[in-house]
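The structure appears below as C-alpha coordinates.
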Amino acid sequence: MVTPRMSVQPIAIPIPAGTAGTVMPRQSTRSQTMQYGAGYVVFAAGRLLRDLAVARILGPAHFGMWGALLVYRQYSNYTDFGFTNGLGRVLPKLLQEGKKLEAQEAMGTGWMVAMAGTLVFALAVAARFLPSFRSYSTVTLWGAATVVALMFLDKHYMYSTVVFRSAHRVGESGLWMGSLGALELALGIALTPRFGLYGLYVSVALAALTAVACMYARQPLRGVFGTNVFGKNAASFRTLLIPSLTLMGLGLGSIAIHNVDRVVILWTRGAGAELGQYQVAATLSLAVSQLPCILLTVLAPKLFRFGREHSAELRSYFLLPTAVIAVLSIAVGSLGYLVLPALLGWLLPKYVLAAAPAGILMLGEVCFAIAMVPETLIVALDRGLQSVLLRIFIIAGGTSSSWWVLTHGYGLSAVAGCMCAAQASGALLLGLLAAHVLKVPCFHYLAAAFAPVLYVLAVLAGISAVVPASWSGWEAVLARLLICGVALTPLAALPLWFLGVRLAGMDRIIGHLQRSEVE
(Lines give C-alpha, C1' and ligand atoms only; values in the text may rest on other atoms or scores of the structure.)
Protein backbone atom coordinates (compact mmCIF):
# COMPACT_ATOMS: atom_id res chain seq x y z
CA MET A 1 0.00 0.00 0.00
CA VAL A 2 1.42 3.33 -1.02
CA THR A 3 1.31 6.16 1.49
CA PRO A 4 -0.12 9.56 0.50
CA ARG A 5 3.33 11.12 0.72
CA MET A 6 4.98 8.65 -1.64
CA SER A 7 3.64 7.27 -4.90
CA VAL A 8 5.12 5.51 -7.90
CA GLN A 9 4.17 6.79 -11.35
CA PRO A 10 5.75 6.41 -14.80
CA ILE A 11 7.28 9.53 -16.26
CA ALA A 12 5.18 10.96 -19.08
CA ILE A 13 6.92 11.50 -22.41
CA PRO A 14 5.36 14.09 -24.76
CA ILE A 15 4.98 13.14 -28.44
CA PRO A 16 5.23 15.71 -31.27
CA ALA A 17 1.95 16.53 -32.91
CA GLY A 18 1.19 15.10 -36.32
CA THR A 19 3.10 11.84 -35.98
CA ALA A 20 1.71 8.43 -36.72
CA GLY A 21 1.50 5.59 -34.20
CA THR A 22 4.49 3.42 -33.47
CA VAL A 23 4.88 -0.08 -34.81
CA MET A 24 6.03 -1.48 -31.46
CA PRO A 25 4.45 -1.45 -27.97
CA ARG A 26 6.03 0.86 -25.43
CA GLN A 27 6.98 0.62 -21.81
CA SER A 28 7.20 3.47 -19.36
CA THR A 29 10.51 5.23 -18.94
CA ARG A 30 10.73 3.94 -15.38
CA SER A 31 10.17 0.31 -16.43
CA GLN A 32 12.71 0.49 -19.24
CA THR A 33 15.20 2.26 -16.99
CA MET A 34 14.98 -0.47 -14.36
CA GLN A 35 15.27 -3.32 -16.90
CA TYR A 36 18.10 -1.73 -18.81
CA GLY A 37 19.75 -0.65 -15.58
CA ALA A 38 19.73 -4.19 -14.21
CA GLY A 39 21.46 -5.50 -17.33
CA TYR A 40 23.87 -2.60 -17.43
CA VAL A 41 24.90 -3.07 -13.81
CA VAL A 42 25.57 -6.78 -14.44
CA PHE A 43 27.57 -5.90 -17.57
CA ALA A 44 29.63 -3.17 -15.91
CA ALA A 45 30.24 -5.24 -12.77
CA GLY A 46 31.14 -8.33 -14.80
CA ARG A 47 33.61 -6.50 -17.00
CA LEU A 48 35.12 -4.63 -14.05
CA LEU A 49 35.58 -7.80 -12.00
CA ARG A 50 36.96 -9.61 -15.02
CA ASP A 51 39.52 -6.88 -15.62
CA LEU A 52 40.56 -6.81 -11.97
CA ALA A 53 40.85 -10.61 -11.87
CA VAL A 54 42.94 -10.92 -15.03
CA ALA A 55 45.07 -7.93 -13.98
CA ARG A 56 45.93 -9.78 -10.78
CA ILE A 57 46.65 -13.01 -12.69
CA LEU A 58 48.69 -11.50 -15.55
CA GLY A 59 50.64 -8.80 -13.72
CA PRO A 60 51.22 -5.17 -14.83
CA ALA A 61 53.47 -5.97 -17.82
CA HIS A 62 51.15 -8.46 -19.56
CA PHE A 63 48.05 -6.50 -18.61
CA GLY A 64 49.69 -3.49 -20.21
CA MET A 65 49.99 -5.52 -23.43
CA TRP A 66 46.26 -6.27 -23.26
CA GLY A 67 45.60 -2.56 -22.66
CA ALA A 68 47.58 -1.64 -25.78
CA LEU A 69 45.48 -4.06 -27.88
CA LEU A 70 42.31 -2.58 -26.42
CA VAL A 71 43.27 0.79 -27.89
CA TYR A 72 42.88 -0.70 -31.38
CA ARG A 73 39.54 -2.21 -30.42
CA GLN A 74 38.27 1.07 -29.01
CA TYR A 75 39.10 3.09 -32.09
CA SER A 76 37.56 0.43 -34.34
CA ASN A 77 34.13 1.23 -32.87
CA TYR A 78 33.71 4.07 -35.36
CA THR A 79 35.24 2.50 -38.46
CA ASP A 80 31.61 2.22 -39.62
CA PHE A 81 31.75 6.01 -40.24
CA GLY A 82 29.14 6.37 -37.50
CA PHE A 83 26.40 4.62 -39.51
CA THR A 84 25.52 2.21 -36.69
CA ASN A 85 24.91 5.05 -34.26
CA GLY A 86 23.32 6.99 -37.12
CA LEU A 87 20.65 4.31 -37.18
CA GLY A 88 19.91 5.13 -33.58
CA ARG A 89 19.33 8.73 -34.67
CA VAL A 90 16.92 8.05 -37.58
CA LEU A 91 15.22 4.72 -36.75
CA PRO A 92 13.10 6.00 -33.83
CA LYS A 93 11.63 8.71 -36.02
CA LEU A 94 10.98 6.37 -38.99
CA LEU A 95 9.28 3.82 -36.75
CA GLN A 96 7.33 6.58 -35.00
CA GLU A 97 5.99 7.66 -38.39
CA GLY A 98 5.13 4.07 -39.38
CA LYS A 99 7.71 3.92 -42.22
CA LYS A 100 8.75 0.32 -41.63
CA LEU A 101 10.17 -0.34 -45.12
CA GLU A 102 12.31 2.80 -45.05
CA ALA A 103 13.54 1.78 -41.61
CA GLN A 104 14.52 -1.68 -42.90
CA GLU A 105 16.33 -0.17 -45.89
CA ALA A 106 18.22 2.17 -43.55
CA MET A 107 19.17 -0.84 -41.42
CA GLY A 108 20.54 -2.70 -44.46
CA THR A 109 22.53 0.31 -45.62
CA GLY A 110 23.95 0.92 -42.16
CA TRP A 111 25.02 -2.72 -41.77
CA MET A 112 26.81 -2.83 -45.14
CA VAL A 113 28.70 0.42 -44.52
CA ALA A 114 29.66 -0.78 -41.02
CA MET A 115 31.05 -4.08 -42.31
CA ALA A 116 32.91 -2.39 -45.19
CA GLY A 117 34.51 0.20 -42.91
CA THR A 118 35.50 -2.45 -40.38
CA LEU A 119 37.10 -4.54 -43.13
CA VAL A 120 39.22 -1.58 -44.23
CA PHE A 121 40.34 -0.93 -40.64
CA ALA A 122 41.09 -4.63 -40.11
CA LEU A 123 43.34 -4.62 -43.19
CA ALA A 124 45.08 -1.52 -41.85
CA VAL A 125 45.73 -3.27 -38.51
CA ALA A 126 47.07 -6.31 -40.37
CA ALA A 127 49.35 -4.04 -42.40
CA ARG A 128 50.61 -2.58 -39.13
CA PHE A 129 51.74 -5.98 -37.82
CA LEU A 130 52.71 -7.94 -40.95
CA PRO A 131 55.86 -5.97 -41.98
CA SER A 132 57.49 -6.91 -38.67
CA PHE A 133 55.81 -10.31 -38.35
CA ARG A 134 58.88 -12.11 -37.02
CA SER A 135 59.72 -9.46 -34.45
CA TYR A 136 56.46 -9.92 -32.55
CA SER A 137 55.84 -12.68 -30.05
CA THR A 138 53.15 -15.27 -30.72
CA VAL A 139 51.00 -13.98 -27.90
CA THR A 140 51.03 -10.48 -29.44
CA LEU A 141 50.07 -11.75 -32.90
CA TRP A 142 47.24 -13.87 -31.52
CA GLY A 143 46.06 -10.83 -29.58
CA ALA A 144 46.00 -8.74 -32.76
CA ALA A 145 44.03 -11.49 -34.54
CA THR A 146 41.54 -11.64 -31.67
CA VAL A 147 41.05 -7.89 -31.69
CA VAL A 148 40.41 -7.94 -35.45
CA ALA A 149 37.71 -10.61 -34.97
CA LEU A 150 36.21 -8.58 -32.11
CA MET A 151 35.93 -5.55 -34.40
CA PHE A 152 33.33 -7.35 -36.54
CA LEU A 153 31.53 -8.86 -33.55
CA ASP A 154 31.38 -5.48 -31.81
CA LYS A 155 29.81 -3.89 -34.89
CA HIS A 156 27.04 -6.47 -35.07
CA TYR A 157 26.45 -6.19 -31.33
CA MET A 158 26.10 -2.41 -31.64
CA TYR A 159 23.85 -2.86 -34.69
CA SER A 160 21.45 -5.23 -32.89
CA THR A 161 21.46 -3.04 -29.78
CA VAL A 162 20.42 0.02 -31.81
CA VAL A 163 17.55 -1.96 -33.38
CA PHE A 164 16.31 -3.12 -29.97
CA ARG A 165 16.41 0.40 -28.58
CA SER A 166 14.74 1.98 -31.60
CA ALA A 167 11.92 -0.58 -31.44
CA HIS A 168 11.17 0.39 -27.81
CA ARG A 169 12.79 -2.71 -26.36
CA VAL A 170 15.53 -0.94 -24.46
CA GLY A 171 15.04 -3.16 -21.44
CA GLU A 172 15.72 -6.33 -23.44
CA SER A 173 18.87 -4.84 -24.94
CA GLY A 174 20.05 -4.23 -21.38
CA LEU A 175 19.42 -7.85 -20.44
CA TRP A 176 21.56 -9.06 -23.35
CA MET A 177 24.24 -6.60 -22.31
CA GLY A 178 24.16 -8.09 -18.82
CA SER A 179 24.50 -11.58 -20.32
CA LEU A 180 27.61 -10.45 -22.21
CA GLY A 181 29.20 -9.10 -19.02
CA ALA A 182 28.42 -12.29 -17.10
CA LEU A 183 29.89 -14.45 -19.89
CA GLU A 184 33.07 -12.38 -20.05
CA LEU A 185 33.49 -12.69 -16.30
CA ALA A 186 32.83 -16.44 -16.14
CA LEU A 187 34.99 -17.38 -19.14
CA GLY A 188 37.75 -14.92 -18.22
CA ILE A 189 38.29 -16.20 -14.70
CA ALA A 190 38.02 -19.82 -15.95
CA LEU A 191 40.48 -19.65 -18.86
CA THR A 192 43.00 -16.91 -17.98
CA PRO A 193 44.58 -18.67 -14.95
CA ARG A 194 45.30 -21.75 -17.05
CA PHE A 195 46.21 -20.26 -20.43
CA GLY A 196 47.32 -16.70 -19.62
CA LEU A 197 46.74 -14.11 -22.31
CA TYR A 198 45.62 -16.82 -24.74
CA GLY A 199 42.81 -17.73 -22.35
CA LEU A 200 41.80 -14.09 -22.08
CA TYR A 201 41.64 -13.79 -25.89
CA VAL A 202 39.46 -16.89 -26.23
CA SER A 203 37.14 -15.89 -23.40
CA VAL A 204 36.43 -12.43 -24.83
CA ALA A 205 35.84 -13.78 -28.35
CA LEU A 206 33.52 -16.59 -27.18
CA ALA A 207 31.47 -14.25 -25.01
CA ALA A 208 31.00 -11.74 -27.83
CA LEU A 209 30.12 -14.44 -30.38
CA THR A 210 27.50 -15.98 -28.08
CA ALA A 211 25.85 -12.66 -27.27
CA VAL A 212 25.76 -11.58 -30.93
CA ALA A 213 24.18 -14.87 -32.05
CA CYS A 214 21.47 -14.70 -29.38
CA MET A 215 20.68 -11.04 -30.08
CA TYR A 216 20.44 -11.66 -33.81
CA ALA A 217 17.94 -14.48 -33.20
CA ARG A 218 15.79 -12.14 -31.07
CA GLN A 219 16.20 -9.01 -33.23
CA PRO A 220 12.77 -7.36 -33.61
CA LEU A 221 13.33 -5.99 -37.12
CA ARG A 222 15.39 -7.23 -40.08
CA GLY A 223 17.23 -5.07 -42.54
CA VAL A 224 16.62 -5.02 -46.30
CA PHE A 225 19.90 -5.31 -48.17
CA GLY A 226 20.61 -3.94 -51.63
CA THR A 227 23.59 -4.63 -53.85
CA ASN A 228 24.44 -0.96 -54.24
CA VAL A 229 24.01 1.63 -51.51
CA PHE A 230 24.14 4.37 -54.16
CA GLY A 231 21.46 2.64 -56.27
CA LYS A 232 18.40 1.01 -54.71
CA ASN A 233 19.26 2.19 -51.21
CA ALA A 234 20.44 5.67 -52.20
CA ALA A 235 17.63 7.36 -50.27
CA SER A 236 18.44 5.55 -47.05
CA PHE A 237 22.14 6.29 -47.56
CA ARG A 238 21.41 10.00 -47.82
CA THR A 239 19.12 9.81 -44.79
CA LEU A 240 21.89 8.27 -42.71
CA LEU A 241 24.88 10.19 -44.04
CA ILE A 242 24.77 13.52 -42.19
CA PRO A 243 23.63 12.28 -38.75
CA SER A 244 26.04 9.35 -39.02
CA LEU A 245 29.07 11.50 -39.76
CA THR A 246 28.11 13.86 -36.93
CA LEU A 247 27.73 10.99 -34.47
CA MET A 248 30.97 9.50 -35.76
CA GLY A 249 32.76 12.70 -34.80
CA LEU A 250 31.14 12.70 -31.37
CA GLY A 251 31.86 9.00 -30.86
CA LEU A 252 35.48 9.28 -31.89
CA GLY A 253 35.76 12.30 -29.62
CA SER A 254 34.41 10.28 -26.71
CA ILE A 255 36.78 7.39 -27.45
CA ALA A 256 39.73 9.75 -27.80
CA ILE A 257 38.95 11.41 -24.48
CA HIS A 258 39.00 7.99 -22.79
CA ASN A 259 42.04 6.66 -24.64
CA VAL A 260 44.30 9.54 -25.66
CA ASP A 261 46.11 9.44 -22.32
CA ARG A 262 46.86 5.73 -22.82
CA VAL A 263 47.99 6.41 -26.38
CA VAL A 264 50.43 9.05 -25.08
CA ILE A 265 51.75 6.62 -22.43
CA LEU A 266 52.09 3.94 -25.12
CA TRP A 267 54.08 6.29 -27.35
CA THR A 268 56.37 7.65 -24.64
CA ARG A 269 56.78 4.67 -22.25
CA GLY A 270 55.73 1.63 -24.30
CA ALA A 271 53.30 -1.22 -23.56
CA GLY A 272 54.78 -2.03 -20.18
CA ALA A 273 54.01 -1.98 -16.47
CA GLU A 274 53.15 1.74 -16.38
CA LEU A 275 50.48 1.28 -19.02
CA GLY A 276 49.17 -1.70 -17.02
CA GLN A 277 48.92 0.46 -13.88
CA TYR A 278 47.12 3.22 -15.77
CA GLN A 279 44.82 0.71 -17.48
CA VAL A 280 43.62 -0.49 -14.07
CA ALA A 281 43.06 3.12 -12.94
CA ALA A 282 41.08 3.93 -16.09
CA THR A 283 39.02 0.74 -15.76
CA LEU A 284 38.02 1.63 -12.20
CA SER A 285 37.17 5.22 -13.09
CA LEU A 286 34.84 4.24 -15.96
CA ALA A 287 32.29 2.93 -13.46
CA VAL A 288 31.45 6.57 -12.71
CA SER A 289 30.48 7.58 -16.26
CA GLN A 290 28.98 4.23 -17.27
CA LEU A 291 26.28 4.01 -14.60
CA PRO A 292 24.61 7.37 -15.47
CA CYS A 293 24.45 6.16 -19.10
CA ILE A 294 21.51 3.97 -18.06
CA LEU A 295 19.21 6.97 -17.80
CA LEU A 296 20.44 8.66 -20.96
CA THR A 297 20.27 5.47 -23.05
CA VAL A 298 16.58 5.10 -22.22
CA LEU A 299 15.86 8.77 -22.97
CA ALA A 300 17.90 9.06 -26.20
CA PRO A 301 15.38 7.35 -28.58
CA LYS A 302 12.63 9.55 -27.11
CA LEU A 303 14.70 12.72 -27.54
CA PHE A 304 15.55 11.88 -31.15
CA ARG A 305 11.86 11.99 -32.06
CA PHE A 306 12.07 15.75 -31.68
CA GLY A 307 13.86 18.23 -33.90
CA ARG A 308 14.51 21.91 -34.29
CA GLU A 309 10.80 22.59 -34.60
CA HIS A 310 10.21 21.03 -31.15
CA SER A 311 13.06 22.68 -29.24
CA ALA A 312 10.63 23.91 -26.58
CA GLU A 313 9.73 20.32 -25.66
CA LEU A 314 13.42 19.49 -25.17
CA ARG A 315 13.89 22.08 -22.43
CA SER A 316 12.23 19.83 -19.86
CA TYR A 317 14.87 17.15 -20.61
CA PHE A 318 17.83 19.39 -19.79
CA LEU A 319 18.19 20.54 -16.18
CA LEU A 320 16.52 17.66 -14.34
CA PRO A 321 18.46 14.80 -16.06
CA THR A 322 21.64 16.87 -15.73
CA ALA A 323 21.13 17.22 -11.97
CA VAL A 324 20.26 13.53 -11.56
CA ILE A 325 23.35 12.40 -13.47
CA ALA A 326 25.55 14.84 -11.54
CA VAL A 327 24.26 13.46 -8.22
CA LEU A 328 24.62 9.81 -9.26
CA SER A 329 28.08 10.15 -10.76
CA ILE A 330 29.59 12.23 -7.96
CA ALA A 331 28.11 9.86 -5.34
CA VAL A 332 29.56 6.77 -7.02
CA GLY A 333 32.87 8.53 -7.62
CA SER A 334 33.26 9.76 -4.04
CA LEU A 335 32.47 6.35 -2.54
CA GLY A 336 34.87 4.68 -4.95
CA TYR A 337 37.57 7.22 -4.14
CA LEU A 338 37.33 6.40 -0.44
CA VAL A 339 37.49 2.63 -1.02
CA LEU A 340 40.19 2.50 -3.72
CA PRO A 341 43.41 2.55 -1.64
CA ALA A 342 42.29 -0.29 0.63
CA LEU A 343 40.72 -2.22 -2.27
CA LEU A 344 43.85 -2.13 -4.40
CA GLY A 345 46.08 -2.98 -1.45
CA TRP A 346 43.95 -6.05 -0.73
CA LEU A 347 43.00 -7.33 -4.19
CA LEU A 348 45.79 -5.95 -6.40
CA PRO A 349 48.92 -5.33 -4.34
CA LYS A 350 50.99 -4.92 -7.52
CA TYR A 351 48.78 -2.01 -8.63
CA VAL A 352 48.80 0.26 -5.58
CA LEU A 353 50.24 3.05 -7.73
CA ALA A 354 46.93 3.11 -9.65
CA ALA A 355 44.95 4.46 -6.66
CA ALA A 356 45.90 8.13 -7.07
CA PRO A 357 45.35 8.30 -10.88
CA ALA A 358 42.07 6.40 -10.47
CA GLY A 359 40.74 8.93 -7.97
CA ILE A 360 41.62 11.86 -10.24
CA LEU A 361 40.17 10.12 -13.31
CA MET A 362 36.94 9.51 -11.40
CA LEU A 363 36.45 13.23 -11.01
CA GLY A 364 37.07 13.63 -14.73
CA GLU A 365 34.47 10.93 -15.47
CA VAL A 366 31.97 12.82 -13.33
CA CYS A 367 32.41 15.80 -15.66
CA PHE A 368 32.15 13.56 -18.72
CA ALA A 369 28.88 12.09 -17.43
CA ILE A 370 27.46 15.57 -16.84
CA ALA A 371 28.37 16.57 -20.41
CA MET A 372 26.34 13.66 -21.86
CA VAL A 373 23.01 15.42 -21.41
CA PRO A 374 23.77 18.71 -23.22
CA GLU A 375 25.64 16.81 -25.94
CA THR A 376 22.65 14.55 -26.64
CA LEU A 377 20.30 17.52 -26.76
CA ILE A 378 22.59 19.37 -29.16
CA VAL A 379 22.58 16.33 -31.46
CA ALA A 380 18.79 16.09 -31.24
CA LEU A 381 18.63 19.71 -32.42
CA ASP A 382 20.86 18.87 -35.45
CA ARG A 383 23.73 21.02 -34.14
CA GLY A 384 26.14 18.17 -33.52
CA LEU A 385 28.94 19.81 -35.54
CA GLN A 386 29.39 22.42 -32.82
CA SER A 387 29.79 19.66 -30.26
CA VAL A 388 32.31 17.90 -32.50
CA LEU A 389 34.42 21.05 -32.71
CA LEU A 390 34.35 21.39 -28.93
CA ARG A 391 35.44 17.75 -28.58
CA ILE A 392 38.38 18.36 -30.93
CA PHE A 393 39.45 21.35 -28.85
CA ILE A 394 39.24 19.34 -25.61
CA ILE A 395 41.12 16.36 -27.08
CA ALA A 396 43.88 18.61 -28.39
CA GLY A 397 44.28 20.21 -24.98
CA GLY A 398 44.31 16.87 -23.15
CA THR A 399 46.78 15.31 -25.60
CA SER A 400 49.25 18.20 -25.60
CA SER A 401 49.21 18.61 -21.82
CA SER A 402 49.58 14.84 -21.22
CA TRP A 403 52.51 14.69 -23.64
CA TRP A 404 54.16 17.66 -21.94
CA VAL A 405 53.92 16.26 -18.39
CA LEU A 406 55.26 12.84 -19.43
CA THR A 407 58.16 14.24 -21.42
CA HIS A 408 59.08 16.50 -18.47
CA GLY A 409 59.32 13.66 -15.99
CA TYR A 410 55.95 13.84 -14.26
CA GLY A 411 54.06 10.68 -13.35
CA LEU A 412 50.72 9.05 -14.05
CA SER A 413 48.82 11.26 -11.61
CA ALA A 414 49.79 14.33 -13.64
CA VAL A 415 48.46 12.67 -16.81
CA ALA A 416 45.18 11.91 -15.04
CA GLY A 417 44.99 15.52 -13.87
CA CYS A 418 45.37 16.79 -17.44
CA MET A 419 42.52 14.57 -18.64
CA CYS A 420 40.35 15.61 -15.68
CA ALA A 421 40.85 19.29 -16.53
CA ALA A 422 40.02 18.61 -20.19
CA GLN A 423 36.78 16.83 -19.33
CA ALA A 424 35.74 19.51 -16.84
CA SER A 425 36.19 22.21 -19.47
CA GLY A 426 34.18 20.08 -21.92
CA ALA A 427 31.25 19.73 -19.52
CA LEU A 428 31.25 23.46 -18.89
CA LEU A 429 31.43 24.51 -22.55
CA LEU A 430 28.90 21.93 -23.81
CA GLY A 431 26.44 22.84 -21.07
CA LEU A 432 26.68 26.56 -21.75
CA LEU A 433 26.21 25.91 -25.49
CA ALA A 434 23.12 23.78 -24.90
CA ALA A 435 21.71 26.34 -22.45
CA HIS A 436 22.12 29.06 -25.08
CA VAL A 437 20.47 27.00 -27.82
CA LEU A 438 17.54 25.95 -25.61
CA LYS A 439 17.19 29.45 -24.12
CA VAL A 440 17.85 28.25 -20.59
CA PRO A 441 19.59 30.61 -18.13
CA CYS A 442 23.25 29.65 -17.84
CA PHE A 443 23.15 30.02 -14.06
CA HIS A 444 20.42 27.36 -13.85
CA TYR A 445 22.64 24.93 -15.73
CA LEU A 446 25.69 25.67 -13.60
CA ALA A 447 23.66 25.14 -10.42
CA ALA A 448 22.10 21.87 -11.63
CA ALA A 449 25.36 20.42 -12.97
CA PHE A 450 28.08 21.59 -10.61
CA ALA A 451 26.43 22.36 -7.27
CA PRO A 452 26.34 18.62 -6.36
CA VAL A 453 29.99 18.29 -7.41
CA LEU A 454 31.13 21.20 -5.25
CA TYR A 455 29.03 19.93 -2.34
CA VAL A 456 30.61 16.46 -2.41
CA LEU A 457 34.13 17.87 -2.84
CA ALA A 458 33.50 19.92 0.31
CA VAL A 459 32.32 16.73 2.05
CA LEU A 460 35.50 14.88 1.03
CA ALA A 461 37.63 17.78 2.25
CA GLY A 462 35.78 17.69 5.56
CA ILE A 463 36.34 13.95 5.88
CA SER A 464 40.08 14.48 5.34
CA ALA A 465 40.06 17.01 8.15
CA VAL A 466 38.00 14.89 10.56
CA VAL A 467 39.60 11.47 10.01
CA PRO A 468 43.35 11.57 10.77
CA ALA A 469 45.68 10.56 7.97
CA SER A 470 47.42 8.18 10.38
CA TRP A 471 44.33 5.95 10.43
CA SER A 472 44.69 2.99 8.09
CA GLY A 473 42.97 -0.28 7.33
CA TRP A 474 39.33 -1.13 6.89
CA GLU A 475 38.29 0.68 10.09
CA ALA A 476 39.37 4.02 8.62
CA VAL A 477 37.68 3.19 5.28
CA LEU A 478 34.41 2.32 7.02
CA ALA A 479 34.55 5.51 9.10
CA ARG A 480 35.03 7.64 5.97
CA LEU A 481 32.25 5.77 4.14
CA LEU A 482 29.86 6.30 7.05
CA ILE A 483 30.49 10.04 7.17
CA CYS A 484 30.22 10.32 3.39
CA GLY A 485 27.02 8.26 3.27
CA VAL A 486 25.34 10.46 5.87
CA ALA A 487 26.43 13.59 4.01
CA LEU A 488 25.09 12.26 0.68
CA THR A 489 21.64 11.45 2.09
CA PRO A 490 20.07 14.82 1.11
CA LEU A 491 21.14 14.27 -2.50
CA ALA A 492 19.52 10.82 -2.72
CA ALA A 493 16.00 12.27 -3.03
CA LEU A 494 16.55 13.60 -6.56
CA PRO A 495 17.36 10.28 -8.31
CA LEU A 496 14.53 8.59 -6.39
CA TRP A 497 12.07 11.21 -7.61
CA PHE A 498 13.20 10.76 -11.19
CA LEU A 499 12.57 7.00 -10.93
CA GLY A 500 9.00 7.69 -9.87
CA VAL A 501 9.22 7.83 -6.06
CA ARG A 502 7.49 11.08 -5.08
CA LEU A 503 8.94 12.41 -1.82
CA ALA A 504 7.41 15.22 0.21
CA GLY A 505 9.05 18.58 -0.42
CA MET A 506 10.68 17.57 -3.73
CA ASP A 507 8.06 19.12 -6.01
CA ARG A 508 9.40 22.62 -5.35
CA ILE A 509 12.96 21.59 -6.29
CA ILE A 510 11.76 19.73 -9.40
CA GLY A 511 9.66 22.70 -10.43
CA HIS A 512 12.71 24.97 -10.16
CA LEU A 513 14.78 22.60 -12.31
CA GLN A 514 12.06 22.41 -14.96
CA ARG A 515 11.52 26.18 -15.10
CA SER A 516 13.84 26.77 -18.04
CA GLU A 517 12.28 29.68 -19.95
CA VAL A 518 14.20 32.96 -19.96
CA GLU A 519 12.24 35.43 -17.90
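By order of appearance in the C-alpha coordinates: chains A, B, ..., then residues from 1 within every chain, and ligands from 1 in the order shown.
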
Shell around Gly473 (chain A) at 12 Å using only C-alpha atoms, local window under 3 positions removed, as a PyMOL selection string | chain A and resi 338-346+469-470+476-480

Practice prompt. List every residue of region 357-507 of chain A that DSSP, applied to the backbone of this structure, places in helix (DSSP H, G or I), and write the result as JSON, numbers by chain.
Written response: {"A": [357, 358, 359, 360, 361, 362, 363, 364, 365, 366, 367, 368, 369, 370, 371, 372, 373, 374, 375, 376, 377, 378, 379, 380, 384, 385, 386, 387, 388, 389, 390, 391, 392, 393, 394, 395, 396, 397, 398, 399, 400, 401, 402, 403, 404, 405, 406, 407, 412, 413, 414, 415, 416, 417, 418, 419, 420, 421, 422, 423, 424, 425, 426, 427, 428, 429, 430, 431, 432, 433, 434, 435, 436, 437, 438, 442, 443, 444, 445, 446, 447, 448, 449, 450, 451, 452, 453, 454, 455, 456, 457, 458, 459, 460, 461, 462, 463, 464, 465, 466, 474, 475, 476, 477, 478, 479, 480, 481, 482, 483, 484, 485, 486, 487, 488, 489, 490, 491, 492, 493, 494, 495, 496, 497, 498, 506, 507]}

Do you know which residues are at most 9 Å from Val113 (chain A) counting only C-alpha atoms, after dropping those on the same chain fewer than 4 positions away, and could you put them as a list in words? Asp80, Phe81, Phe83, Thr84, Gly108, Thr109, Gly117, Thr118 and Val229 of chain A

Next item on the list: Name the closest residue to Val453 (chain A) among the candidates A:Ile395, A:Ala256, A:Met362, A:Ala44; distances are taken between atoms, counting only C-alpha atoms.
Entry: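 Comparing A:Ile395, A:Ala256, A:Met362, A:Ala44 against Val453 (chain A), the winner is A:Met362.
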
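Reported to one decimal place, the separation of CA of Ala126 (chain A) from CA of Ser76 (chain A) is 13.1 Å.
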
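With distances restricted to only C-alpha atoms, A:Ala167 is the closest residue to Gln96 (chain A) from A:Ala167, A:Ile463, A:Val204, A:Val352.
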